[in-house]
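Right, one structure below, let's go through it.
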Amino acid sequence: MAQTVAPPTATTPVIPAKLPIGAIAPWAAFFGILMLVLLYFVGAEQGATSVVSGENVHEWVHDARHLLGFPCH
């Protein structure tokens, strides 16, 4: 049995397309602000810094508060 080997061919390297920072910046700012708001509600929404009156927000995020290590009792 004869085997033939294909000779190597010249290929152009694949260069990934560059994503402009202007396309990423609005989404990064949006998600950054969203994460800060969520961190506030999980970590600090109770007591003197409370934006929402009552205990509803505290009860909704109670387990997440313990999971992330924030004291709440």
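Residue numbering restarts at 1 for every chain of the structure tokens, chains are lettered A, B, ... in their displayed order, and ligands are numbered from 1 as they appear.
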
Which residues are close to A:Phe41, i.e. within 12 Å by only C-alpha atoms, leaving aside same-chain residues fewer than 3 positions away? Reply as an mmCIF file with N, CA and C atoms, in the first residue's frame.
data_model
loop_
_atom_site.group_PDB
_atom_site.id
_atom_site.type_symbol
_atom_site.label_atom_id
_atom_site.label_comp_id
_atom_site.auth_asym_id
_atom_site.auth_seq_id
_atom_site.Cartn_x
_atom_site.Cartn_y
_atom_site.Cartn_z
ATOM 1 N N LEU A 34 -25.853 48.259 37.228
ATOM 2 C CA LEU A 34 -26.811 47.235 37.668
ATOM 3 C C LEU A 34 -26.225 46.386 38.793
ATOM 4 N N MET A 35 -24.973 46.001 38.686
ATOM 5 C CA MET A 35 -24.335 45.203 39.730
ATOM 6 C C MET A 35 -24.183 45.996 41.026
ATOM 7 N N LEU A 36 -23.882 47.289 40.935
ATOM 8 C CA LEU A 36 -23.793 48.111 42.147
ATOM 9 C C LEU A 36 -25.150 48.235 42.841
ATOM 10 N N VAL A 37 -26.214 48.387 42.061
ATOM 11 C CA VAL A 37 -27.558 48.465 42.649
ATOM 12 C C VAL A 37 -27.916 47.141 43.323
ATOM 13 N N LEU A 38 -27.632 46.037 42.651
ATOM 14 C CA LEU A 38 -27.921 44.733 43.258
ATOM 15 C C LEU A 38 -27.085 44.503 44.512
ATOM 16 N N ALA A 44 -26.772 46.218 51.838
ATOM 17 C CA ALA A 44 -26.955 47.364 52.729
ATOM 18 C C ALA A 44 -28.391 47.824 52.889
ATOM 19 N N GLU A 45 -29.331 47.217 52.234
ATOM 20 C CA GLU A 45 -30.719 47.689 52.298
ATOM 21 C C GLU A 45 -31.395 47.200 53.576
ATOM 22 N N GLN A 46 -31.068 47.854 54.655
ATOM 23 C CA GLN A 46 -31.753 47.627 55.927
ATOM 24 C C GLN A 46 -31.280 48.696 56.898
ATOM 25 N N GLY A 47 -32.062 48.966 57.862
ATOM 26 C CA GLY A 47 -31.649 49.897 58.907
ATOM 27 C C GLY A 47 -31.605 51.349 58.460
ATOM 28 N N THR A 49 -29.718 52.995 56.377
ATOM 29 C CA THR A 49 -29.497 53.319 54.969
ATOM 30 C C THR A 49 -30.622 52.826 54.069
ATOM 31 N N SER A 50 -31.743 52.454 54.631
ATOM 32 C CA SER A 50 -32.826 51.863 53.870
ATOM 33 C C SER A 50 -33.480 52.875 52.937
ATOM 34 N N VAL A 51 -33.625 52.501 51.672
ATOM 35 C CA VAL A 51 -34.324 53.323 50.689
ATOM 36 C C VAL A 51 -35.802 52.947 50.676
ATOM 37 N N VAL A 52 -36.073 51.657 50.823
ATOM 38 C CA VAL A 52 -37.434 51.147 50.817
ATOM 39 C C VAL A 52 -37.836 50.870 52.261
ATOM 40 N N GLU A 55 -39.718 45.647 55.779
ATOM 41 C CA GLU A 55 -38.778 44.527 55.787
ATOM 42 C C GLU A 55 -38.877 43.662 54.541
ATOM 43 N N ASN A 56 -39.633 44.099 53.534
ATOM 44 C CA ASN A 56 -39.846 43.246 52.362
ATOM 45 C C ASN A 56 -38.553 42.959 51.611
ATOM 46 N N VAL A 57 -37.754 43.976 51.324
ATOM 47 C CA VAL A 57 -36.514 43.768 50.577
ATOM 48 C C VAL A 57 -35.570 42.881 51.371
ATOM 49 N N HIS A 58 -35.507 43.089 52.673
ATOM 50 C CA HIS A 58 -34.644 42.256 53.519
ATOM 51 C C HIS A 58 -35.047 40.793 53.412
ATOM 52 N N GLU A 59 -36.316 40.513 53.426
ATOM 53 C CA GLU A 59 -36.779 39.134 53.352
ATOM 54 C C GLU A 59 -36.529 38.535 51.973
ATOM 55 N N TRP A 60 -36.643 39.337 50.907
ATOM 56 C CA TRP A 60 -36.433 38.823 49.553
ATOM 57 C C TRP A 60 -34.971 38.452 49.319
ATOM 58 N N VAL A 61 -34.042 39.189 49.888
ATOM 59 C CA VAL A 61 -32.624 38.943 49.635
ATOM 60 C C VAL A 61 -31.926 38.305 50.834
ATOM 61 N N HIS A 62 -32.677 37.769 51.770
ATOM 62 C CA HIS A 62 -32.124 37.228 53.003
ATOM 63 C C HIS A 62 -31.106 36.116 52.745
ATOM 64 N N ALA A 64 -29.489 35.368 49.945
ATOM 65 C CA ALA A 64 -28.339 35.877 49.193
ATOM 66 C C ALA A 64 -27.399 36.635 50.118
ATOM 67 N N ARG A 65 -27.957 37.315 51.085
ATOM 68 C CA ARG A 65 -27.146 38.054 52.051
ATOM 69 C C ARG A 65 -26.245 37.093 52.828
ATOM 70 N N PHE A 70 -22.781 38.665 54.156
ATOM 71 C CA PHE A 70 -23.208 39.896 54.820
ATOM 72 C C PHE A 70 -23.993 39.542 56.085
#

**OP:** DSSP on the backbone, then: every residue of chain A marked helix (DSSP H, G or I), written as a PyMOL selection string.
**Re:** chain A and resi 21-43+47-49+56-60+62-67

Subject >> Gap from atom CA of A:Ala25 to atom CA of A:Pro13 - Å, one decimal >> reply: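 Answer for the atom CA of A:Ala25 to atom CA of A:Pro13 separation: 29.0 Å.
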